[in-house]
file target.pdb (PDB, C-alpha atoms)
ATOM      1  CA  MET I   1      43.901  14.419 -34.493
ATOM      2  CA  ALA I   2      43.008  13.132 -31.085
ATOM      3  CA  GLU I   3      44.477  14.801 -28.061
ATOM      4  CA  HIS I   4      47.690  13.397 -26.639
ATOM      5  CA  MET I   5      47.638  10.225 -24.578
ATOM      6  CA  SER I   6      49.156   9.977 -21.131
ATOM      7  CA  GLY I   7      49.753   6.566 -19.612
ATOM      8  CA  GLY I   8      47.695   4.990 -22.392
ATOM      9  CA  VAL I   9      44.544   7.019 -21.660
ATOM     10  CA  SER I  10      43.237   9.582 -24.135
ATOM     11  CA  ARG I  11      42.413  13.016 -22.745
ATOM     12  CA  ARG I  12      39.581  13.440 -25.238
ATOM     13  CA  PRO I  13      36.128  11.901 -24.709
ATOM     14  CA  LYS I  14      36.246   8.311 -25.864
ATOM     15  CA  GLN I  15      34.060   7.484 -28.847
ATOM     16  CA  GLU I  16      31.680   4.679 -28.008
ATOM     17  CA  LEU I  17      31.858   1.667 -30.321
ATOM     18  CA  PRO I  18      28.989  -0.797 -30.717
ATOM     19  CA  GLU I  19      29.656  -4.107 -28.996
ATOM     20  CA  ASP I  20      28.631  -6.153 -32.051
ATOM     21  CA  LEU I  21      30.351  -4.956 -35.211
ATOM     22  CA  SER I  22      29.289  -7.893 -37.378
ATOM     23  CA  ASN I  23      26.384  -6.020 -38.966
ATOM     24  CA  VAL I  24      27.911  -2.554 -39.075
ATOM     25  CA  GLU I  25      28.369  -1.137 -42.571
ATOM     26  CA  PHE I  26      31.131   1.378 -43.140
ATOM     27  CA  GLU I  27      30.629   3.885 -45.915
ATOM     28  CA  THR I  28      32.574   6.776 -47.367
ATOM     29  CA  SER I  29      31.876  10.056 -45.573
ATOM     30  CA  GLU I  30      29.331  12.249 -47.331
ATOM     31  CA  ASP I  31      31.664  15.246 -47.459
ATOM     32  CA  VAL I  32      34.367  13.445 -49.467
ATOM     33  CA  GLU I  33      35.022  15.329 -52.689
ATOM     34  CA  VAL I  34      36.251  13.629 -55.877
ATOM     35  CA  ILE I  35      39.116  15.569 -57.484
ATOM     36  CA  PRO I  36      39.578  14.410 -61.107
ATOM     37  CA  SER I  37      43.139  15.603 -61.764
ATOM     38  CA  PHE I  38      46.395  16.355 -59.975
ATOM     39  CA  ASP I  39      46.295  19.915 -61.346
ATOM     40  CA  SER I  40      42.993  20.486 -59.510
ATOM     41  CA  LEU I  41      44.542  19.674 -56.124
ATOM     42  CA  ALA I  42      46.414  23.009 -55.913
ATOM     43  CA  LEU I  43      49.701  21.251 -55.187
ATOM     44  CA  ARG I  44      53.038  23.034 -54.971
ATOM     45  CA  GLU I  45      54.745  23.275 -58.354
ATOM     46  CA  ASP I  46      57.844  21.234 -57.474
ATOM     47  CA  LEU I  47      55.659  18.408 -56.147
ATOM     48  CA  LEU I  48      53.441  18.442 -59.238
ATOM     49  CA  ARG I  49      56.556  18.228 -61.365
ATOM     50  CA  GLY I  50      57.701  15.183 -59.391
ATOM     51  CA  ILE I  51      54.303  13.495 -59.768
ATOM     52  CA  TYR I  52      54.346  13.779 -63.557
ATOM     53  CA  ALA I  53      58.029  12.834 -63.763
ATOM     54  CA  TYR I  54      57.171   9.674 -61.811
ATOM     55  CA  GLY I  55      54.799   8.717 -64.623
ATOM     56  CA  PHE I  56      51.432   9.548 -63.089
ATOM     57  CA  GLU I  57      48.865  11.087 -65.415
ATOM     58  CA  LYS I  58      45.582  10.876 -63.521
ATOM     59  CA  PRO I  59      44.881  10.151 -59.844
ATOM     60  CA  SER I  60      43.442   6.742 -58.961
ATOM     61  CA  ALA I  61      40.086   6.419 -57.212
ATOM     62  CA  ILE I  62      41.564   6.605 -53.719
ATOM     63  CA  GLN I  63      43.908   9.443 -54.696
ATOM     64  CA  GLN I  64      40.970  11.454 -56.046
ATOM     65  CA  ARG I  65      39.254  11.173 -52.670
ATOM     66  CA  ALA I  66      41.962  11.044 -50.004
ATOM     67  CA  ILE I  67      44.711  13.493 -50.991
ATOM     68  CA  ARG I  68      42.706  16.662 -50.371
ATOM     69  CA  PRO I  69      41.493  15.728 -46.846
ATOM     70  CA  ILE I  70      45.071  14.805 -45.905
ATOM     71  CA  ILE I  71      46.336  18.154 -47.194
ATOM     72  CA  LYS I  72      43.590  19.953 -45.275
ATOM     73  CA  GLY I  73      44.787  18.359 -42.042
ATOM     74  CA  ARG I  74      41.858  16.008 -41.495
ATOM     75  CA  ASP I  75      42.239  12.652 -39.821
ATOM     76  CA  VAL I  76      41.625  10.000 -42.479
ATOM     77  CA  ILE I  77      40.610   6.325 -42.447
ATOM     78  CA  ALA I  78      41.097   4.838 -45.911
ATOM     79  CA  GLN I  79      40.352   1.294 -46.965
ATOM     80  CA  ALA I  80      43.036   0.489 -49.502
ATOM     81  CA  GLN I  81      44.661  -2.661 -50.755
ATOM     82  CA  SER I  82      47.945  -3.068 -52.594
ATOM     83  CA  GLY I  83      47.871  -1.788 -56.155
ATOM     84  CA  THR I  84      45.325   0.996 -55.617
ATOM     85  CA  GLY I  85      47.853   3.822 -55.401
ATOM     86  CA  LYS I  86      47.618   4.081 -51.620
ATOM     87  CA  THR I  87      51.321   4.746 -51.043
ATOM     88  CA  ALA I  88      51.371   7.659 -53.468
ATOM     89  CA  THR I  89      48.148   8.932 -51.878
ATOM     90  CA  PHE I  90      49.673   9.630 -48.494
ATOM     91  CA  ALA I  91      53.119  10.397 -49.969
ATOM     92  CA  ILE I  92      51.631  13.291 -51.953
ATOM     93  CA  GLY I  93      49.733  14.463 -48.878
ATOM     94  CA  ILE I  94      52.942  14.309 -46.841
ATOM     95  CA  LEU I  95      55.018  16.209 -49.397
ATOM     96  CA  GLN I  96      52.428  18.961 -49.724
ATOM     97  CA  THR I  97      52.323  19.338 -45.934
ATOM     98  CA  ILE I  98      55.989  19.410 -44.898
ATOM     99  CA  ASP I  99      58.230  22.473 -44.750
ATOM    100  CA  THR I 100      61.574  21.480 -46.271
ATOM    101  CA  GLN I 101      63.209  24.571 -44.762
ATOM    102  CA  ILE I 102      62.832  22.968 -41.333
ATOM    103  CA  ARG I 103      65.264  20.060 -40.936
ATOM    104  CA  GLU I 104      63.186  18.208 -38.374
ATOM    105  CA  THR I 105      61.024  15.090 -38.578
ATOM    106  CA  GLN I 106      57.546  16.333 -39.460
ATOM    107  CA  VAL I 107      55.865  13.114 -40.597
ATOM    108  CA  LEU I 108      56.164   9.596 -39.218
ATOM    109  CA  VAL I 109      55.017   6.595 -41.291
ATOM    110  CA  LEU I 110      54.589   3.211 -39.606
ATOM    111  CA  SER I 111      54.260  -0.019 -41.600
ATOM    112  CA  PRO I 112      54.322  -3.745 -40.764
ATOM    113  CA  THR I 113      57.418  -4.844 -42.705
ATOM    114  CA  ARG I 114      60.905  -3.574 -43.447
ATOM    115  CA  GLU I 115      60.317  -4.012 -47.170
ATOM    116  CA  LEU I 116      57.212  -1.822 -47.145
ATOM    117  CA  ALA I 117      58.942   0.845 -45.052
ATOM    118  CA  VAL I 118      61.781   1.014 -47.596
ATOM    119  CA  GLN I 119      59.316   1.081 -50.505
ATOM    120  CA  ILE I 120      57.482   4.016 -48.914
ATOM    121  CA  GLN I 121      60.793   5.838 -48.478
ATOM    122  CA  LYS I 122      61.568   5.338 -52.177
ATOM    123  CA  VAL I 123      58.174   6.661 -53.270
ATOM    124  CA  VAL I 124      58.464   9.745 -51.037
ATOM    125  CA  LEU I 125      61.956  10.496 -52.381
ATOM    126  CA  ALA I 126      60.897   9.916 -55.995
ATOM    127  CA  LEU I 127      57.781  12.095 -55.841
ATOM    128  CA  GLY I 128      59.712  14.714 -53.878
ATOM    129  CA  ASP I 129      62.689  14.623 -56.234
ATOM    130  CA  TYR I 130      62.430  18.353 -56.991
ATOM    131  CA  MET I 131      61.789  19.368 -53.378
ATOM    132  CA  ASN I 132      65.084  18.395 -51.706
ATOM    133  CA  VAL I 133      63.110  16.272 -49.275
ATOM    134  CA  MET I 134      64.933  14.046 -46.790
ATOM    135  CA  CYS I 135      63.325  10.717 -45.917
ATOM    136  CA  HIS I 136      64.919   7.915 -43.898
ATOM    137  CA  SER I 137      63.796   4.304 -43.502
ATOM    138  CA  CYS I 138      64.093   3.341 -39.840
ATOM    139  CA  ILE I 139      63.907  -0.448 -39.730
ATOM    140  CA  GLY I 140      65.216  -3.352 -37.694
ATOM    141  CA  GLY I 141      68.014  -5.511 -39.007
ATOM    142  CA  THR I 142      70.047  -2.529 -40.201
ATOM    143  CA  ASN I 143      73.032  -0.695 -38.746
ATOM    144  CA  LEU I 144      71.955   1.133 -35.596
ATOM    145  CA  GLY I 145      74.772   3.669 -35.923
ATOM    146  CA  GLU I 146      73.618   4.622 -39.415
ATOM    147  CA  ASP I 147      70.089   5.200 -38.102
ATOM    148  CA  ILE I 148      71.427   7.422 -35.338
ATOM    149  CA  ARG I 149      73.631   9.394 -37.737
ATOM    150  CA  LYS I 150      70.823   9.992 -40.250
ATOM    151  CA  LEU I 151      68.294  10.950 -37.589
ATOM    152  CA  ASP I 152      70.715  13.276 -35.812
ATOM    153  CA  PHE I 153      71.347  15.003 -39.152
ATOM    154  CA  GLY I 154      67.618  15.653 -39.501
ATOM    155  CA  GLN I 155      64.943  14.054 -41.702
ATOM    156  CA  HIS I 156      61.668  15.550 -42.920
ATOM    157  CA  VAL I 157      59.978  12.142 -43.103
ATOM    158  CA  VAL I 158      60.752   8.899 -41.279
ATOM    159  CA  SER I 159      59.302   5.631 -42.596
ATOM    160  CA  GLY I 160      59.778   2.642 -40.356
ATOM    161  CA  THR I 161      58.562  -0.365 -38.441
ATOM    162  CA  PRO I 162      57.043   0.282 -34.989
ATOM    163  CA  GLY I 163      59.770  -1.507 -33.013
ATOM    164  CA  ARG I 164      62.781   0.340 -34.429
ATOM    165  CA  VAL I 165      60.936   3.669 -34.533
ATOM    166  CA  PHE I 166      59.999   3.402 -30.857
ATOM    167  CA  ASP I 167      63.577   2.426 -29.992
ATOM    168  CA  MET I 168      64.901   5.536 -31.766
ATOM    169  CA  ILE I 169      62.339   7.742 -30.009
ATOM    170  CA  ARG I 170      63.240   6.260 -26.638
ATOM    171  CA  ARG I 171      66.945   6.842 -27.333
ATOM    172  CA  ARG I 172      66.053  10.471 -28.210
ATOM    173  CA  ASN I 173      67.634  10.169 -31.650
ATOM    174  CA  LEU I 174      64.239  10.514 -33.319
ATOM    175  CA  ARG I 175      62.909  13.849 -32.089
ATOM    176  CA  THR I 176      59.122  14.069 -32.118
ATOM    177  CA  ARG I 177      58.592  17.736 -31.201
ATOM    178  CA  SER I 178      57.969  18.821 -34.825
ATOM    179  CA  ILE I 179      55.893  15.827 -35.936
ATOM    180  CA  LYS I 180      52.514  16.943 -37.227
ATOM    181  CA  MET I 181      51.327  13.804 -39.032
ATOM    182  CA  LEU I 182      51.311  10.078 -38.244
ATOM    183  CA  VAL I 183      50.557   7.647 -41.079
ATOM    184  CA  MET I 184      49.798   3.995 -40.332
ATOM    185  CA  ASP I 185      49.970   1.906 -43.493
ATOM    186  CA  GLU I 186      48.504  -1.608 -43.597
ATOM    187  CA  ALA I 187      47.275  -1.084 -40.050
ATOM    188  CA  ASP I 188      45.487  -4.438 -39.932
ATOM    189  CA  GLU I 189      48.733  -6.225 -40.798
ATOM    190  CA  MET I 190      50.586  -4.329 -38.066
ATOM    191  CA  LEU I 191      48.054  -5.570 -35.527
ATOM    192  CA  ASN I 192      48.249  -9.108 -36.928
ATOM    193  CA  LYS I 193      52.017  -9.024 -36.390
ATOM    194  CA  GLY I 194      51.603  -7.997 -32.762
ATOM    195  CA  PHE I 195      52.644  -4.338 -33.069
ATOM    196  CA  LYS I 196      49.640  -2.896 -31.208
ATOM    197  CA  GLU I 197      51.519  -2.096 -27.991
ATOM    198  CA  GLN I 198      54.435  -0.530 -29.873
ATOM    199  CA  ILE I 199      52.080   1.636 -31.952
ATOM    200  CA  TYR I 200      50.498   2.954 -28.753
ATOM    201  CA  ASP I 201      53.971   3.515 -27.283
ATOM    202  CA  VAL I 202      54.983   5.591 -30.320
ATOM    203  CA  TYR I 203      51.760   7.605 -30.222
ATOM    204  CA  ARG I 204      52.310   8.618 -26.592
ATOM    205  CA  TYR I 205      55.452  10.506 -27.614
ATOM    206  CA  LEU I 206      53.790  12.533 -30.381
ATOM    207  CA  PRO I 207      52.687  16.151 -29.913
ATOM    208  CA  PRO I 208      49.038  16.816 -29.064
ATOM    209  CA  TYR I 209      46.691  17.170 -32.036
ATOM    210  CA  THR I 210      48.968  15.217 -34.376
ATOM    211  CA  GLN I 211      47.096  14.474 -37.605
ATOM    212  CA  VAL I 212      46.523  10.726 -38.051
ATOM    213  CA  CYS I 213      46.008   8.898 -41.354
ATOM    214  CA  LEU I 214      45.266   5.181 -41.281
ATOM    215  CA  LEU I 215      45.207   2.843 -44.273
ATOM    216  CA  SER I 216      43.931  -0.691 -43.943
ATOM    217  CA  ALA I 217      42.526  -3.408 -46.208
ATOM    218  CA  THR I 218      40.119  -4.485 -43.460
ATOM    219  CA  LEU I 219      38.595  -2.728 -40.460
ATOM    220  CA  PRO I 220      38.459  -5.168 -37.536
ATOM    221  CA  HIS I 221      37.353  -4.061 -34.064
ATOM    222  CA  GLU I 222      40.929  -3.395 -32.920
ATOM    223  CA  ILE I 223      41.414  -0.924 -35.774
ATOM    224  CA  LEU I 224      38.216   0.928 -34.879
ATOM    225  CA  GLU I 225      39.239   0.975 -31.224
ATOM    226  CA  MET I 226      42.547   2.538 -32.247
ATOM    227  CA  THR I 227      40.897   5.175 -34.437
ATOM    228  CA  SER I 228      38.545   6.135 -31.603
ATOM    229  CA  LYS I 229      41.563   6.909 -29.390
ATOM    230  CA  PHE I 230      43.862   8.488 -31.967
ATOM    231  CA  MET I 231      41.457  10.421 -34.193
ATOM    232  CA  THR I 232      38.946  13.242 -34.085
ATOM    233  CA  ASP I 233      36.035  13.232 -36.553
ATOM    234  CA  PRO I 234      37.940  11.266 -39.209
ATOM    235  CA  ILE I 235      37.045  11.318 -42.891
ATOM    236  CA  ARG I 236      36.207   7.777 -44.021
ATOM    237  CA  ILE I 237      37.126   6.623 -47.507
ATOM    238  CA  LEU I 238      36.057   3.028 -47.903
ATOM    239  CA  VAL I 239      36.293   1.334 -51.291
ATOM    240  CA  LYS I 240      34.108  -1.704 -51.931
ATOM    241  CA  ARG I 241      35.963  -4.817 -53.029
ATOM    242  CA  ASP I 242      34.308  -4.837 -56.455
ATOM    243  CA  GLU I 243      35.541  -1.270 -57.014
ATOM    244  CA  LEU I 244      39.196  -2.081 -56.411
ATOM    245  CA  THR I 245      39.932  -3.313 -59.949
ATOM    246  CA  LEU I 246      42.651  -1.111 -61.370
ATOM    247  CA  GLU I 247      41.546   1.316 -64.050
ATOM    248  CA  GLY I 248      43.200   0.820 -67.427
ATOM    249  CA  ILE I 249      44.759  -2.527 -66.498
ATOM    250  CA  LYS I 250      43.482  -5.796 -67.938
ATOM    251  CA  GLN I 251      43.624  -8.787 -65.635
ATOM    252  CA  PHE I 252      43.092 -12.396 -66.667
ATOM    253  CA  PHE I 253      44.321 -15.875 -65.824
ATOM    254  CA  VAL I 254      44.910 -19.169 -67.594
ATOM    255  CA  ALA I 255      44.350 -22.434 -65.734
ATOM    256  CA  VAL I 256      47.251 -24.763 -66.582
ATOM    257  CA  GLU I 257      46.844 -28.366 -65.488
ATOM    258  CA  ARG I 258      50.516 -29.311 -65.271
ATOM    259  CA  GLU I 259      53.503 -27.401 -63.935
ATOM    260  CA  GLU I 260      55.673 -28.289 -66.953
ATOM    261  CA  TRP I 261      53.129 -26.756 -69.359
ATOM    262  CA  LYS I 262      53.341 -23.264 -67.850
ATOM    263  CA  PHE I 263      56.351 -22.017 -69.802
ATOM    264  CA  ASP I 264      54.942 -23.108 -73.178
ATOM    265  CA  THR I 265      51.589 -21.538 -72.296
ATOM    266  CA  LEU I 266      53.348 -18.283 -71.455
ATOM    267  CA  CYS I 267      55.203 -18.370 -74.788
ATOM    268  CA  ASP I 268      51.906 -18.955 -76.612
ATOM    269  CA  LEU I 269      50.419 -15.911 -74.893
ATOM    270  CA  TYR I 270      53.312 -13.715 -76.001
ATOM    271  CA  ASP I 271      52.983 -15.033 -79.561
ATOM    272  CA  THR I 272      49.262 -14.265 -79.579
ATOM    273  CA  LEU I 273      49.041 -10.959 -77.687
ATOM    274  CA  THR I 274      50.835  -7.641 -78.004
ATOM    275  CA  ILE I 275      52.171  -7.067 -74.496
ATOM    276  CA  THR I 276      54.210  -3.985 -73.583
ATOM    277  CA  GLN I 277      54.143  -4.274 -69.798
ATOM    278  CA  ALA I 278      52.923  -7.140 -67.651
ATOM    279  CA  VAL I 279      53.126  -8.660 -64.198
ATOM    280  CA  ILE I 280      52.993 -12.456 -64.345
ATOM    281  CA  PHE I 281      52.402 -14.909 -61.497
ATOM    282  CA  CYS I 282      53.370 -18.283 -62.892
TER     283      CYS I 282
END
call {"tool": "encode", "arguments": {"input": "target.pdb", "output": "structure tokens"}}
result
Amino acid sequence: MAEHMSGGVSRRPKQELPEDLSNVEFETSEDVEVIPSFDSLALREDLLRGIYAYGFEKPSAIQQRAIRPIIKGRDVIAQAQSGTGKTATFAIGILQTIDTQIRETQVLVLSPTRELAVQIQKVVLALGDYMNVMCHSCIGGTNLGEDIRKLDFGQHVVSGTPGRVFDMIRRRNLRTRSIKMLVMDEADEMLNKGFKEQIYDVYRYLPPYTQVCLLSATLPHEILEMTSKFMTDPIRILVKRDELTLEGIKQFFVAVEREEWKFDTLCDLYDTLTITQAVIFC
């Protein structure tokens, strides 16, 4: 939760970054606690009900480590790739943090694509199904009037792409006075797509001491530069690549020499194996 920026300059002392980051190793903070179950997280009852109704039984590795620091208000840097449960990680943290009695935007989630922004909205609404939470996806390519109407009505959570979100803030339809948390999902992808300036523009409008949570598959220098300006003493949760295999899910591949053999190979697999649920890239 770094202090507010004015004219692009942070009011807090800048954290010095080493010039050469090629040999720097990033490790999980020593004070990260592993919480083995959702029941042990002391979540509100209506949220816990939504988690189990969604089909979750046990938190994933990143959920065991990141949900509690988010709930406690700490700034968080989490290395997380798709399929690790990262979206539910910050969605649960968001839902535990917001006050649904206040019809104001309290959490802002930025992501690199419209599709991801909508997916995040769906997860927040599904997990918060028993909380009467309001979450709007604020993305380009959609009806501007609908955005304005929804935002003027009041939303607890806004999930969007940096360009449209900044436009809505600048138009004063997205009010930032009650925002207490900023989540940046797939931060490295946002920078790759050229959203750096817009992210900084959005941040300048947020209240001082806004909690910041950043999720990224990689941690290039630009990401670390951003965290040094936006965050104060962040908790680091960095998962090694060989630890990212999903628990309880078997993964294997079959090398098929010819394109026309793929369908028959797939049929042979189904004849041989008992498969209840599967994701197939063919």
call {"tool": "closest_residue", "arguments": {"input": "target.pdb", "among": "I:Ser137, I:Thr210, I:Thr28, I:Ser216", "to": "Thr232 (chain I)", "atoms": "only C-alpha atoms"}}
result
I:Thr210
call {"tool": "residues_near_point", "arguments": {"input": "target.pdb", "point": "(41.1, 10.8, -49.8)", "cutoff": "12 Å", "atoms": "all atoms listed in the file", "output": "count of residues only"}}
result
48
call {"tool": "closest_residue", "arguments": {"input": "target.pdb", "among": "I:Leu224, I:Cys138, I:Ile275, I:Leu182", "to": "Gly160 (chain I)", "atoms": "all atoms listed in the file"}}
result
I:Cys138
call {"tool": "atom_distance", "arguments": {"input": "target.pdb", "atom1": "CA of Ala187 (chain I)", "atom2": "CA of Glu115 (chain I)"}}
result
15.1 Å
call {"tool": "residues_around", "arguments": {"input": "target.pdb", "residues": "Ala53 (chain I)", "least_positions_apart": "4", "cutoff": "12 Å", "atoms": "all atoms listed in the file", "output": "list in words"}}
result
Asp46, Leu47, Leu48, Arg49, Glu57, Ala126, Leu127, Gly128, Asp129 and Tyr130 of chain I
call {"tool": "atom_distance", "arguments": {"input": "target.pdb", "atom1": "CA of Ile169 (chain I)", "atom2": "CA of Phe153 (chain I)"}}
result
14.7 Å
call {"tool": "resolve_selection", "arguments": {"input": "target.pdb", "expression": "the PyMOL selection byres ((chain I and resi 154) around 12)", "output": "NGL selection string"}}
result
:I and (100-106 or 133-136 or 147-153 or 155-158 or 173-176 or 178)
call {"tool": "resolve_selection", "arguments": {"input": "target.pdb", "expression": "the PyMOL selection byres ((chain I and resi 281) around 12)", "output": "list in words"}}
result
Gln251, Phe252, Phe253, Val254, Ala255, Lys262, Phe263, Leu266, Ala278, Val279, Ile280 and Cys282 of chain I
call {"tool": "atom_distance", "arguments": {"input": "target.pdb", "atom1": "CA of Pro112 (chain I)", "atom2": "CA of Glu189 (chain I)"}}
result
6.1 Å
call {"tool": "residues_near_point", "arguments": {"input": "target.pdb", "point": "(50.6, 16.4, -40.1)", "cutoff": "6 Å", "atoms": "only C-alpha atoms", "output": "ChimeraX atom specification"}}
result
/I:180-181,211
call {"tool": "write_last_selection", "arguments": {"input": "target.pdb", "atoms": "C-alpha atoms", "output": "PDB file, in the frame of the given file"}}
result
ATOM      1  CA  LYS I 180      52.514  16.943 -37.227  1.00  0.00           C
ATOM      2  CA  MET I 181      51.327  13.804 -39.032  1.00  0.00           C
ATOM      3  CA  GLN I 211      47.096  14.474 -37.605  1.00  0.00           C
TER       4      GLN I 211
END
call {"tool": "resolve_selection", "arguments": {"input": "target.pdb", "expression": "the PyMOL selection byres ((chain I and resi 200) around 10)", "output": "PDB file with C-alpha atoms, in the frame of the given file"}}
result
ATOM      1  CA  MET I   5      47.638  10.225 -24.578  1.00  0.00           C
ATOM      2  CA  GLY I   7      49.753   6.566 -19.612  1.00  0.00           C
ATOM      3  CA  GLY I   8      47.695   4.990 -22.392  1.00  0.00           C
ATOM      4  CA  PRO I 162      57.043   0.282 -34.989  1.00  0.00           C
ATOM      5  CA  PHE I 166      59.999   3.402 -30.857  1.00  0.00           C
ATOM      6  CA  PHE I 195      52.644  -4.338 -33.069  1.00  0.00           C
ATOM      7  CA  LYS I 196      49.640  -2.896 -31.208  1.00  0.00           C
ATOM      8  CA  GLU I 197      51.519  -2.096 -27.991  1.00  0.00           C
ATOM      9  CA  GLN I 198      54.435  -0.530 -29.873  1.00  0.00           C
ATOM     10  CA  ILE I 199      52.080   1.636 -31.952  1.00  0.00           C
ATOM     11  CA  ASP I 201      53.971   3.515 -27.283  1.00  0.00           C
ATOM     12  CA  VAL I 202      54.983   5.591 -30.320  1.00  0.00           C
ATOM     13  CA  TYR I 203      51.760   7.605 -30.222  1.00  0.00           C
ATOM     14  CA  ARG I 204      52.310   8.618 -26.592  1.00  0.00           C
ATOM     15  CA  TYR I 205      55.452  10.506 -27.614  1.00  0.00           C
ATOM     16  CA  MET I 226      42.547   2.538 -32.247  1.00  0.00           C
ATOM     17  CA  LYS I 229      41.563   6.909 -29.390  1.00  0.00           C
ATOM     18  CA  PHE I 230      43.862   8.488 -31.967  1.00  0.00           C
TER      19      PHE I 230
END
call {"tool": "axis_aligned_box", "arguments": {"input": "target.pdb", "around": "region 83-86 of chain I", "padding_each_side": "6 Å", "output": "JSON"}}
result
{"center_x": 46.6, "center_y": 1.1, "center_z": -53.9, "size_x": 14.5, "size_y": 17.9, "size_z": 16.5}
call {"tool": "build_atoms", "arguments": {"input": "target.pdb", "residues": "region 138-152 of chain I", "atoms": "N, CA and C atoms", "output": "PDB file, in the frame of the given file"}}
result
ATOM      1  N   CYS I 138      63.628   3.704 -41.187  1.00  0.00           N
ATOM      2  CA  CYS I 138      64.093   3.341 -39.840  1.00  0.00           C
ATOM      3  C   CYS I 138      63.567   1.943 -39.527  1.00  0.00           C
ATOM      4  N   ILE I 139      64.383   0.927 -39.812  1.00  0.00           N
ATOM      5  CA  ILE I 139      63.907  -0.448 -39.730  1.00  0.00           C
ATOM      6  C   ILE I 139      64.892  -1.329 -38.972  1.00  0.00           C
ATOM      7  N   GLY I 140      64.373  -2.394 -38.384  1.00  0.00           N
ATOM      8  CA  GLY I 140      65.216  -3.352 -37.694  1.00  0.00           C
ATOM      9  C   GLY I 140      66.074  -4.135 -38.673  1.00  0.00           C
ATOM     10  N   GLY I 141      67.140  -4.720 -38.158  1.00  0.00           N
ATOM     11  CA  GLY I 141      68.014  -5.511 -39.007  1.00  0.00           C
ATOM     12  C   GLY I 141      69.037  -4.703 -39.772  1.00  0.00           C
ATOM     13  N   THR I 142      69.076  -3.396 -39.542  1.00  0.00           N
ATOM     14  CA  THR I 142      70.047  -2.529 -40.201  1.00  0.00           C
ATOM     15  C   THR I 142      70.987  -1.935 -39.153  1.00  0.00           C
ATOM     16  N   ASN I 143      72.012  -1.254 -39.631  1.00  0.00           N
ATOM     17  CA  ASN I 143      73.032  -0.695 -38.746  1.00  0.00           C
ATOM     18  C   ASN I 143      72.444   0.391 -37.852  1.00  0.00           C
ATOM     19  N   LEU I 144      72.518   0.177 -36.549  1.00  0.00           N
ATOM     20  CA  LEU I 144      71.955   1.133 -35.596  1.00  0.00           C
ATOM     21  C   LEU I 144      72.682   2.470 -35.669  1.00  0.00           C
ATOM     22  N   GLY I 145      73.998   2.434 -35.842  1.00  0.00           N
ATOM     23  CA  GLY I 145      74.772   3.669 -35.923  1.00  0.00           C
ATOM     24  C   GLY I 145      74.383   4.527 -37.105  1.00  0.00           C
ATOM     25  N   GLU I 146      74.053   3.876 -38.228  1.00  0.00           N
ATOM     26  CA  GLU I 146      73.618   4.622 -39.415  1.00  0.00           C
ATOM     27  C   GLU I 146      72.282   5.306 -39.160  1.00  0.00           C
ATOM     28  N   ASP I 147      71.366   4.594 -38.486  1.00  0.00           N
ATOM     29  CA  ASP I 147      70.089   5.200 -38.102  1.00  0.00           C
ATOM     30  C   ASP I 147      70.319   6.450 -37.255  1.00  0.00           C
ATOM     31  N   ILE I 148      71.156   6.310 -36.253  1.00  0.00           N
ATOM     32  CA  ILE I 148      71.427   7.422 -35.338  1.00  0.00           C
ATOM     33  C   ILE I 148      72.031   8.606 -36.086  1.00  0.00           C
ATOM     34  N   ARG I 149      72.973   8.321 -36.975  1.00  0.00           N
ATOM     35  CA  ARG I 149      73.631   9.394 -37.737  1.00  0.00           C
ATOM     36  C   ARG I 149      72.633  10.136 -38.628  1.00  0.00           C
ATOM     37  N   LYS I 150      71.802   9.375 -39.348  1.00  0.00           N
ATOM     38  CA  LYS I 150      70.823   9.992 -40.250  1.00  0.00           C
ATOM     39  C   LYS I 150      69.787  10.805 -39.473  1.00  0.00           C
ATOM     40  N   LEU I 151      69.314  10.260 -38.374  1.00  0.00           N
ATOM     41  CA  LEU I 151      68.294  10.950 -37.589  1.00  0.00           C
ATOM     42  C   LEU I 151      68.859  12.190 -36.912  1.00  0.00           C
ATOM     43  N   ASP I 152      70.089  12.109 -36.431  1.00  0.00           N
ATOM     44  CA  ASP I 152      70.715  13.276 -35.812  1.00  0.00           C
ATOM     45  C   ASP I 152      70.938  14.391 -36.830  1.00  0.00           C
TER      46      ASP I 152
END
